[in-house]
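Step one of this worksheet: look at the structure below.
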Amino acid sequence: MSLDNTLQPYRVALLTALEEQDAEGLGVLLRELRSADIGELVEDALQEDEEGLPVALALLDSLPLERRANVLGYLPGEEQRAVAEAMEDKALLLLLEEMGSDERTDLFKVLDEDRREALLRRMAHREREELKRLASYEEGTAGAIMTADYVAIPTGMTVSRALMRVRQTAPDAETVYQLYIIDPEGRLAGTLSLRQLMVARPGALIDDLMIKDVISASVDEAQEEVARTVARYDLLALPVVDVDGRLVGIVTHDDAMDVVESEATEDIHKGMSIGALEDGVSRVPLWSLYRKRVTWLVLLVFGNLFSGAGIAYFEETIAAQVALVFFLPLLIGSGGNAGAQAATLMVRGMATGDVGVKDWGRMLGRELLVAGSLGLTMALAVAPIGVIRGGEEVAMVVAVSMICIVLFGSLLGMCLPFVLDRLGWDPATASAPLVTTVIDASGVVIYFGFATIMLSGM
């Protein structure tokens, strides 16, 4: 990874303090840094060489337990695993107990099976069962990203008793600004903001104050849907319930933001025909990076053979008007660009929920008008060059071909995400490389087909 420039001076100073065993100076430097920044420094140390691990461990050991757990939560999975493997069970158990339930679960999942069992045996029963429950949820669901650290208040309480309950549970809660009301069976009955609770009469019942129409997510709901709900309703946290309506956790807005970033990165990779990477591009192994990129590239190479076959088929037309070759890259490039634009707009619209399969007909009509206007504008722009290079006949062929190729490319780019979605594939796969390859081959046939018909007639 590339370390932030603002942290470079701290890196040098921290290494110097460690070498000189200056505990006081090291403590002063660490107090000046935020936990996320210390996490970045630790990650940088772990990625440098085999001597980086002792440096990373020394930095972590110089922090108080609570802050050490916080910093560990900022590290990526592989770096967390490296730190955890270098620690004894007792020290790691203390860190796990100090971490939030969601971060504890993430760290637990990256450990090997034997280490998990050893740690579970040393945990208290309640913590062990909670950790096993959170770790059991399928990746990519609400259950996998939720936290069990929330403030729950039983129904029937007065405001004064509820405030006392908040004071008791707030130190361990992920957020206290939103409170959740549960019935005796643990089902989610309502929600209440801390502000509402603080300004209410001490003797008032929370049942009369709570909002009963609660926005929630099921525990097996896809994480991108959860993130979309949090963004749509501007929620600080979204409660998660099981099949019986019992409250089992919450997804906070910061975890939802992580999901949005992860999904956007995945869509960008798929849009360029790259498989999902297990880690950041700077950390993923070279073989894995090669493997994720090679499959589609090889398939698209064979797709481009159709372009060559099209050119070979129209050899006589090309021999009769060599000037046509000059415009070939321009035309198929314009169609590919227009198609990639349309595909990107549709993929992103479908990802954000702005566009659905039911909108296909309406979007087709809109794209037809826009693409036709774009093709006409580009045809007018290139026509003068056609006159200069090959005369009016060639200019007419180029202009008509430009309109048709841009129109075809845009409609293909718009429709392909919908088709892939109906087939159960990820619409993001429809972006740039796939669309441009199809349009390259089609553009050759359209261009030389028009040239053959129009020039032979002229």
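Residues are named by chain letter and number: chains run A, B, ... in the order of the structure tokens, numbers start at 1 in each chain, and ligands are numbered from 1 in the order shown.
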* Could you give me, as an MDAnalysis selection string, the residues within 8 Å of Leu60 of chain A, counting only C-alpha atoms and dropping anything in the same chain fewer than 4 positions from it? => chainID A and resid 42 56 68 71
* Determine, counting only C-alpha atoms, which protein, DNA and RNA residues have an atom within 12 Å of an atom of Met350 of chain A; residues of the same chain fewer than 2 positions away are not included. Present the result as a list of chain:residue names. =>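 Near neighbours after the sequence-gap exclusion: A:Glu224, A:Glu225, A:Arg228, A:Asp267, A:Ala343, A:Thr344, A:Leu345, A:Met346, A:Val347, A:Arg348, A:Thr352, A:Gly353, A:Asp354, A:Val355, A:Gly356, A:Val357, A:Lys358, A:Asp359, A:Trp360, A:Met363, A:Met414, A:Cys415, A:Pro417, A:Phe418, A:Leu420, A:Asp421, A:Asp426, A:Pro427, A:Ala428.
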Those same residues - N, CA, C and O atoms - I'd like them written as a compact mmCIF listing (two decimals), in the first residue's frame.
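Heads up, here's the output in out_15.txt:
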# COMPACT_ATOMS: atom_id res chain seq x y z
N GLU A 224 -26.05 -5.43 -0.14
CA GLU A 224 -26.23 -4.23 -0.96
C GLU A 224 -27.63 -3.65 -0.82
O GLU A 224 -27.80 -2.43 -0.87
N GLU A 225 -28.63 -4.52 -0.58
CA GLU A 225 -29.99 -4.03 -0.34
C GLU A 225 -30.05 -3.30 1.00
O GLU A 225 -30.74 -2.29 1.15
N ARG A 228 -28.48 0.05 0.58
CA ARG A 228 -29.38 0.92 -0.18
C ARG A 228 -30.49 1.46 0.71
O ARG A 228 -30.89 2.63 0.60
N ASP A 267 -18.21 -3.82 -8.97
CA ASP A 267 -18.87 -3.49 -10.24
C ASP A 267 -17.88 -2.90 -11.25
O ASP A 267 -17.96 -3.18 -12.45
N ALA A 343 -24.04 1.37 -21.49
CA ALA A 343 -23.99 0.23 -20.57
C ALA A 343 -23.67 0.70 -19.16
O ALA A 343 -24.27 0.23 -18.18
N THR A 344 -22.71 1.61 -19.03
CA THR A 344 -22.33 2.13 -17.71
C THR A 344 -23.50 2.82 -17.04
O THR A 344 -23.75 2.64 -15.83
N LEU A 345 -24.24 3.63 -17.79
CA LEU A 345 -25.40 4.32 -17.23
C LEU A 345 -26.45 3.33 -16.75
O LEU A 345 -27.02 3.49 -15.66
N MET A 346 -26.71 2.29 -17.53
CA MET A 346 -27.73 1.30 -17.15
C MET A 346 -27.27 0.46 -15.95
O MET A 346 -28.05 0.20 -15.04
N VAL A 347 -26.01 0.03 -15.97
CA VAL A 347 -25.50 -0.79 -14.87
C VAL A 347 -25.57 -0.01 -13.55
O VAL A 347 -26.01 -0.53 -12.53
N ARG A 348 -25.15 1.23 -13.60
CA ARG A 348 -25.18 2.04 -12.38
C ARG A 348 -26.62 2.32 -11.94
O ARG A 348 -26.93 2.30 -10.75
N THR A 352 -28.19 1.16 -8.27
CA THR A 352 -28.74 2.08 -7.28
C THR A 352 -30.24 1.96 -7.12
O THR A 352 -30.83 2.63 -6.28
N GLY A 353 -30.87 1.12 -7.96
CA GLY A 353 -32.31 0.97 -7.88
C GLY A 353 -33.08 2.00 -8.68
O GLY A 353 -34.32 2.01 -8.67
N ASP A 354 -32.38 2.87 -9.39
CA ASP A 354 -33.03 3.90 -10.19
C ASP A 354 -33.72 3.31 -11.41
O ASP A 354 -34.71 3.84 -11.92
N VAL A 355 -33.20 2.18 -11.89
CA VAL A 355 -33.74 1.52 -13.08
C VAL A 355 -33.96 0.05 -12.76
O VAL A 355 -33.12 -0.59 -12.12
N GLY A 356 -35.08 -0.49 -13.22
CA GLY A 356 -35.38 -1.90 -13.07
C GLY A 356 -35.74 -2.53 -14.40
O GLY A 356 -35.88 -1.82 -15.40
N VAL A 357 -35.90 -3.85 -14.41
CA VAL A 357 -36.23 -4.55 -15.65
C VAL A 357 -37.54 -4.03 -16.24
O VAL A 357 -37.70 -3.94 -17.45
N LYS A 358 -38.46 -3.64 -15.36
CA LYS A 358 -39.75 -3.13 -15.83
C LYS A 358 -39.62 -1.82 -16.61
O LYS A 358 -40.53 -1.44 -17.35
N ASP A 359 -38.49 -1.14 -16.46
CA ASP A 359 -38.27 0.14 -17.14
C ASP A 359 -37.63 -0.02 -18.51
O ASP A 359 -37.31 0.98 -19.16
N TRP A 360 -37.45 -1.27 -18.96
CA TRP A 360 -36.71 -1.50 -20.20
C TRP A 360 -37.32 -0.77 -21.40
O TRP A 360 -36.62 -0.09 -22.15
N MET A 363 -36.78 3.03 -21.17
CA MET A 363 -35.38 3.40 -21.37
C MET A 363 -34.96 3.18 -22.82
O MET A 363 -34.12 3.91 -23.35
N MET A 414 -27.26 -0.43 -23.85
CA MET A 414 -28.38 -0.22 -22.94
C MET A 414 -29.11 -1.52 -22.64
O MET A 414 -29.52 -1.79 -21.51
N CYS A 415 -29.29 -2.36 -23.66
CA CYS A 415 -30.11 -3.56 -23.51
C CYS A 415 -29.37 -4.72 -22.84
O CYS A 415 -29.98 -5.53 -22.13
N PRO A 417 -27.30 -5.08 -20.25
CA PRO A 417 -27.46 -5.27 -18.80
C PRO A 417 -28.81 -5.87 -18.42
O PRO A 417 -28.90 -6.70 -17.51
N PHE A 418 -29.88 -5.47 -19.10
CA PHE A 418 -31.20 -6.02 -18.82
C PHE A 418 -31.26 -7.50 -19.18
O PHE A 418 -31.83 -8.31 -18.44
N LEU A 420 -28.71 -9.65 -19.32
CA LEU A 420 -27.91 -10.41 -18.36
C LEU A 420 -28.64 -10.54 -17.03
O LEU A 420 -28.57 -11.59 -16.38
N ASP A 421 -29.33 -9.49 -16.63
CA ASP A 421 -30.08 -9.53 -15.37
C ASP A 421 -31.20 -10.58 -15.44
O ASP A 421 -31.42 -11.32 -14.48
N ASP A 426 -24.69 -11.04 -13.45
CA ASP A 426 -24.48 -9.68 -12.96
C ASP A 426 -24.47 -8.71 -14.14
O ASP A 426 -23.66 -8.86 -15.07
N PRO A 427 -25.34 -7.68 -14.15
CA PRO A 427 -25.36 -6.72 -15.26
C PRO A 427 -24.05 -5.99 -15.47
O PRO A 427 -23.77 -5.51 -16.57
N ALA A 428 -23.23 -5.89 -14.42
CA ALA A 428 -21.95 -5.18 -14.54
C ALA A 428 -21.04 -5.81 -15.58
O ALA A 428 -20.17 -5.15 -16.15
* **Between atom CA of Leu53 of chain A and atom CA of Ala82 of chain A - distance in Å to one decimal** => 7.8 Å
* Between atom CA of Ala371 of chain A and atom CA of Val322 of chain A, measure the distance and give it in Å to one decimal. =>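 We find that atom CA of Ala371 of chain A and atom CA of Val322 of chain A lie 28.9 Å from each other.
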* Asked: Skipping near chain neighbours, those fewer than 2 positions away, what residues fall within 6 Å of segment 157-167 of chain A using only C-alpha atoms, listed as an NGL selection string?
  -> :A and (155 or 169-170 or 202-206)
Pick out the residues sitting within 9 Å of Asn304 of chain A, and hand them over as a PDB file with N, CA and C atoms, in the first residue's frame; count only C-alpha atoms, and ignore anything fewer than 6 positions along from it in its own chain.
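Saved as selection_26.pdb:
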ATOM      1  N   THR A 437     -16.268  -5.165 -27.882  1.00  0.00           N
ATOM      2  CA  THR A 437     -15.906  -6.287 -28.748  1.00  0.00           C
ATOM      3  C   THR A 437     -17.045  -6.635 -29.697  1.00  0.00           C
ATOM      4  N   VAL A 438     -18.265  -6.685 -29.154  1.00  0.00           N
ATOM      5  CA  VAL A 438     -19.425  -6.988 -30.000  1.00  0.00           C
ATOM      6  C   VAL A 438     -19.623  -5.897 -31.047  1.00  0.00           C
ATOM      7  N   ASP A 440     -17.361  -3.847 -32.257  1.00  0.00           N
ATOM      8  CA  ASP A 440     -16.269  -3.859 -33.240  1.00  0.00           C
ATOM      9  C   ASP A 440     -16.628  -4.738 -34.430  1.00  0.00           C
ATOM     10  N   ALA A 441     -17.069  -5.965 -34.129  1.00  0.00           N
ATOM     11  CA  ALA A 441     -17.409  -6.899 -35.200  1.00  0.00           C
ATOM     12  C   ALA A 441     -18.631  -6.413 -35.976  1.00  0.00           C
TER      13      ALA A 441
END
* Please indicate the distance in Å from atom CA of Leu368 of chain A to atom CA of Val406 of chain A, rounded to one decimal place. => 10.4 Å
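Using only C-alpha atoms, the shortest contact distance between Gly449 of chain A and any of A:Leu407, A:Ala338, A:Ile311, A:Leu380 is found at A:Ile311.
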